[in-house]
Amino acid sequence: MLPRLTRAQAPLTQEVDVLDEHGQHQRVSIPAERDLTIYVDKRELVTLMTLGAHPEWLVLGYLRNQRLVHSPDEVESVTVDWEVSSAAVRTRGGIARIEERTARRIVTTGCGQGSVFGALMDEVASLRLPPAVLRQEALYGILEAIRHQESTYKSAGSVHGCALFRGSELLLFVEDVGRHNAIDTIAGWMWLQGLSSHDAAEDEPLVFYTTGRLTSEMVIKSAQMGVAIVVSRSGMTQMGHQVAQQLGLCTVGRALNRRFLCYTGADRLLMQPPAAVAAAST
């Protein structure tokens, strides 16, 4: 049984007065940033800074990626109230040893200082990724889809975008002030859809895309979602590289237009001669 969710909404942008280089006043849009405190069975867990586009999905994905909840069936409801900036989660049977499991917290490099609970880092060795191969032409299709995607970033800037693809087919695009929030939101949506790597063919795999850098946190969360291929417009950190190698996860960075660097998991990337890629795109 899926959890009951509110559909809380809040403005994603706000207009402000600015002064340009010519001394002229203008009205421009900037993205919202609001705090959302998560309570699990009336116990305060964490406060996230978020754009607030899909807060219920964000909460579910956060609980999933922190390994606090293993199935959406364990959650009875998620109630978001922006008037008090809170998300109340009610579980069906509680979370075992929640105080012990959330005692050690690691501050990550995520925008707005993301954090993960220490036990998450200890579980990397237990993660197993599905077989998945991404064709070079499909990678270019992903980058083209992102280029044409309407976004808050285009109108207001200052946000990260993340997306989930099946091959080159866009399934979901999410923006937030931190890339860690955006990937958690996608994780929550996948749960509600019952979507997993088992629903994708090996040559039409689930692919995670982010505008942000590939840190250890992003690599681990992608692996937890069963996504074996990650694409970024930005670069990669040393620890992200180390964890991706350990997991056998394919990471593609500096991906823009038809340029990219494959940092790890090159065996999952099917390179094609330029003529073949050009023929496939016509």
# chains A, B, ... in the order shown; residues from 1 in each chain; ligands from 1
$ select_by_dssp --residues "range 166-221 of chain A" --states "strand (DSSP E or B)" --output "number ranges by chain"
A: 166, 169-176, 206-210, 214
$ residues_around --residues "range 14-16 of chain A" --least-positions-apart "3" --cutoff "9 Å" --atoms "only C-alpha atoms" --output "list in words"
Pro11, Gln26, Arg27, Val28, Ser29, Ile30, Pro31, Ala32 and Ala156 of chain A
$ residues_around --residues "Val75 in chain A" --least-positions-apart "4" --cutoff "12 Å" --atoms "only C-alpha atoms" --output "JSON, numbers by chain"
{"A": [1, 2, 3, 4, 5, 40, 41, 56, 59, 60, 61, 63, 64, 68, 69, 70, 71, 79, 88, 89, 90, 91, 92, 93, 94, 95, 188, 191, 192]}
$ write_last_selection --atoms "N, CA and C atoms" --output "mmCIF file, in the first residue's frame"
data_model
loop_
_atom_site.group_PDB
_atom_site.id
_atom_site.type_symbol
_atom_site.label_atom_id
_atom_site.label_comp_id
_atom_site.auth_asym_id
_atom_site.auth_seq_id
_atom_site.Cartn_x
_atom_site.Cartn_y
_atom_site.Cartn_z
ATOM 1 N N MET A 1 0.853 -1.193 0.000
ATOM 2 C CA MET A 1 0.000 0.000 0.000
ATOM 3 C C MET A 1 0.885 1.238 0.000
ATOM 4 N N LEU A 2 0.663 2.141 -0.967
ATOM 5 C CA LEU A 2 1.477 3.338 -1.059
ATOM 6 C C LEU A 2 1.055 4.360 -0.002
ATOM 7 N N PRO A 3 1.975 5.213 0.426
ATOM 8 C CA PRO A 3 1.641 6.215 1.447
ATOM 9 C C PRO A 3 0.712 7.290 0.899
ATOM 10 N N ARG A 4 -0.055 7.885 1.806
ATOM 11 C CA ARG A 4 -0.868 9.045 1.453
ATOM 12 C C ARG A 4 0.031 10.273 1.453
ATOM 13 N N LEU A 5 -0.092 11.077 0.403
ATOM 14 C CA LEU A 5 0.757 12.263 0.276
ATOM 15 C C LEU A 5 -0.094 13.509 0.097
ATOM 16 N N VAL A 40 9.704 12.371 11.821
ATOM 17 C CA VAL A 40 9.302 10.986 11.619
ATOM 18 C C VAL A 40 8.665 10.484 12.903
ATOM 19 N N ASP A 41 7.387 10.176 12.833
ATOM 20 C CA ASP A 41 6.638 9.742 14.016
ATOM 21 C C ASP A 41 6.850 10.712 15.177
ATOM 22 N N GLU A 56 6.996 16.185 -1.065
ATOM 23 C CA GLU A 56 6.653 14.840 -0.586
ATOM 24 C C GLU A 56 7.582 13.794 -1.210
ATOM 25 N N VAL A 59 10.971 14.028 0.533
ATOM 26 C CA VAL A 59 11.005 13.391 1.854
ATOM 27 C C VAL A 59 11.125 11.880 1.713
ATOM 28 N N LEU A 60 10.308 11.290 0.844
ATOM 29 C CA LEU A 60 10.378 9.842 0.639
ATOM 30 C C LEU A 60 11.751 9.415 0.128
ATOM 31 N N GLY A 61 12.281 10.174 -0.844
ATOM 32 C CA GLY A 61 13.587 9.841 -1.388
ATOM 33 C C GLY A 61 14.700 9.997 -0.374
ATOM 34 N N LEU A 63 14.416 9.559 2.914
ATOM 35 C CA LEU A 63 14.339 8.399 3.809
ATOM 36 C C LEU A 63 14.870 7.146 3.123
ATOM 37 N N ARG A 64 14.588 7.028 1.829
ATOM 38 C CA ARG A 64 15.074 5.865 1.075
ATOM 39 C C ARG A 64 16.595 5.887 0.968
ATOM 40 N N LEU A 68 16.817 4.527 5.860
ATOM 41 C CA LEU A 68 15.993 4.506 7.066
ATOM 42 C C LEU A 68 14.685 3.753 6.815
ATOM 43 N N VAL A 69 14.232 3.774 5.568
ATOM 44 C CA VAL A 69 13.019 3.076 5.163
ATOM 45 C C VAL A 69 13.365 2.258 3.925
ATOM 46 N N HIS A 70 12.944 1.012 3.889
ATOM 47 C CA HIS A 70 13.338 0.127 2.810
ATOM 48 C C HIS A 70 12.248 -0.102 1.776
ATOM 49 N N SER A 71 11.041 0.376 2.053
ATOM 50 C CA SER A 71 9.939 0.215 1.111
ATOM 51 C C SER A 71 8.921 1.317 1.364
ATOM 52 N N THR A 79 2.894 14.415 5.221
ATOM 53 C CA THR A 79 2.086 15.633 5.230
ATOM 54 C C THR A 79 2.993 16.844 5.286
ATOM 55 N N ALA A 88 5.571 16.044 8.088
ATOM 56 C CA ALA A 88 5.293 15.035 9.113
ATOM 57 C C ALA A 88 5.153 13.669 8.448
ATOM 58 N N VAL A 89 6.064 12.771 8.800
ATOM 59 C CA VAL A 89 6.037 11.411 8.263
ATOM 60 C C VAL A 89 5.475 10.486 9.333
ATOM 61 N N ARG A 90 4.492 9.727 8.963
ATOM 62 C CA ARG A 90 3.955 8.709 9.872
ATOM 63 C C ARG A 90 4.258 7.346 9.267
ATOM 64 N N THR A 91 4.979 6.522 10.005
ATOM 65 C CA THR A 91 5.288 5.179 9.516
ATOM 66 C C THR A 91 4.256 4.193 10.049
ATOM 67 N N ARG A 92 4.233 3.004 9.478
ATOM 68 C CA ARG A 92 3.277 1.987 9.908
ATOM 69 C C ARG A 92 3.769 1.203 11.120
ATOM 70 N N GLY A 93 5.102 1.118 11.264
ATOM 71 C CA GLY A 93 5.615 0.332 12.381
ATOM 72 C C GLY A 93 6.828 0.932 13.053
ATOM 73 N N GLY A 94 7.107 2.220 12.775
ATOM 74 C CA GLY A 94 8.281 2.856 13.357
ATOM 75 C C GLY A 94 9.557 2.469 12.603
ATOM 76 N N ILE A 95 10.642 3.156 12.928
ATOM 77 C CA ILE A 95 11.952 2.865 12.342
ATOM 78 C C ILE A 95 12.835 2.301 13.446
ATOM 79 N N GLY A 188 12.401 9.294 -4.598
ATOM 80 C CA GLY A 188 11.045 9.182 -4.054
ATOM 81 C C GLY A 188 10.022 8.921 -5.138
ATOM 82 N N TRP A 191 10.149 5.308 -6.342
ATOM 83 C CA TRP A 191 9.480 4.428 -5.379
ATOM 84 C C TRP A 191 7.975 4.404 -5.617
ATOM 85 N N LEU A 192 7.398 5.593 -5.748
ATOM 86 C CA LEU A 192 5.950 5.684 -5.917
ATOM 87 C C LEU A 192 5.505 5.065 -7.240
#
$ residues_around --residues "Val124 in chain A" --least-positions-apart "4" --cutoff "9 Å" --atoms "only C-alpha atoms" --output "VMD selection string"
chain A and resid 120 128 220 223 to 224 243 246 to 247
$ residues_around --residues "Arg213 in chain A" --least-positions-apart "2" --cutoff "7 Å" --atoms "only C-alpha atoms" --output "list in words"
Thr211, Thr215, Ser232, Ser234, Gly235 and Met236 of chain A
$ atom_distance --atom1 "CA of Ser85 in chain A" --atom2 "CA of Val46 in chain A"
12.0 Å
$ atom_distance --atom1 "CA of Asp199 in chain A" --atom2 "CA of Ala163 in chain A"
17.1 Å
$ atom_distance --atom1 "CA of Asp81 in chain A" --atom2 "CA of Asn181 in chain A"
18.0 Å
$ select_by_dssp --residues "range 91-255 of chain A" --states "alpha helix (DSSP H)" --output "PyMOL selection string"
chain A and resi 98-101+118-122+136-148+152-156+179-193+216-224+238-247
$ closest_residue --among "A:Asn257, A:Thr251, A:Thr50, A:Gln242" --to "Ala10 in chain A" --atoms "only C-alpha atoms"
A:Thr50
$ closest_residue --among "A:Arg7, A:Ile98, A:Ile183, A:His25" --to "Arg43 in chain A" --atoms "only C-alpha atoms"
A:Ile98
$ residues_around --residues "Ser216 in chain A" --least-positions-apart "5" --cutoff "9 Å" --atoms "only C-alpha atoms" --output "compact mmCIF listing (two decimals) with C-alpha atoms, in the first residue's frame"
# COMPACT_ATOMS: atom_id res chain seq x y z
CA THR A 108 28.93 16.43 2.45
CA LYS A 221 22.69 7.47 -4.04
CA MET A 236 34.09 14.46 -10.52
CA THR A 237 35.72 14.36 -7.10
CA GLN A 238 38.45 11.94 -6.00
CA MET A 239 36.19 10.11 -3.55
CA GLY A 240 33.38 9.96 -6.08
CA HIS A 241 35.82 8.36 -8.50
CA GLN A 242 37.03 5.88 -5.88
CA VAL A 243 33.51 4.77 -4.92
CA ALA A 244 32.37 4.53 -8.55
$ closest_residue --among "A:Leu195, A:Ala228, A:Ala87, A:Leu134" --to "Leu270 in chain A" --atoms "only C-alpha atoms"
A:Leu134
$ closest_residue --among "A:Val230, A:Asp184, A:Glu137, A:Phe260" --to "Gly248 in chain A" --atoms "only C-alpha atoms"
A:Val230
$ closest_residue --among "A:Arg258, A:His54, A:His160, A:Arg67" --to "Ile186 in chain A" --atoms "only C-alpha atoms"
A:His54
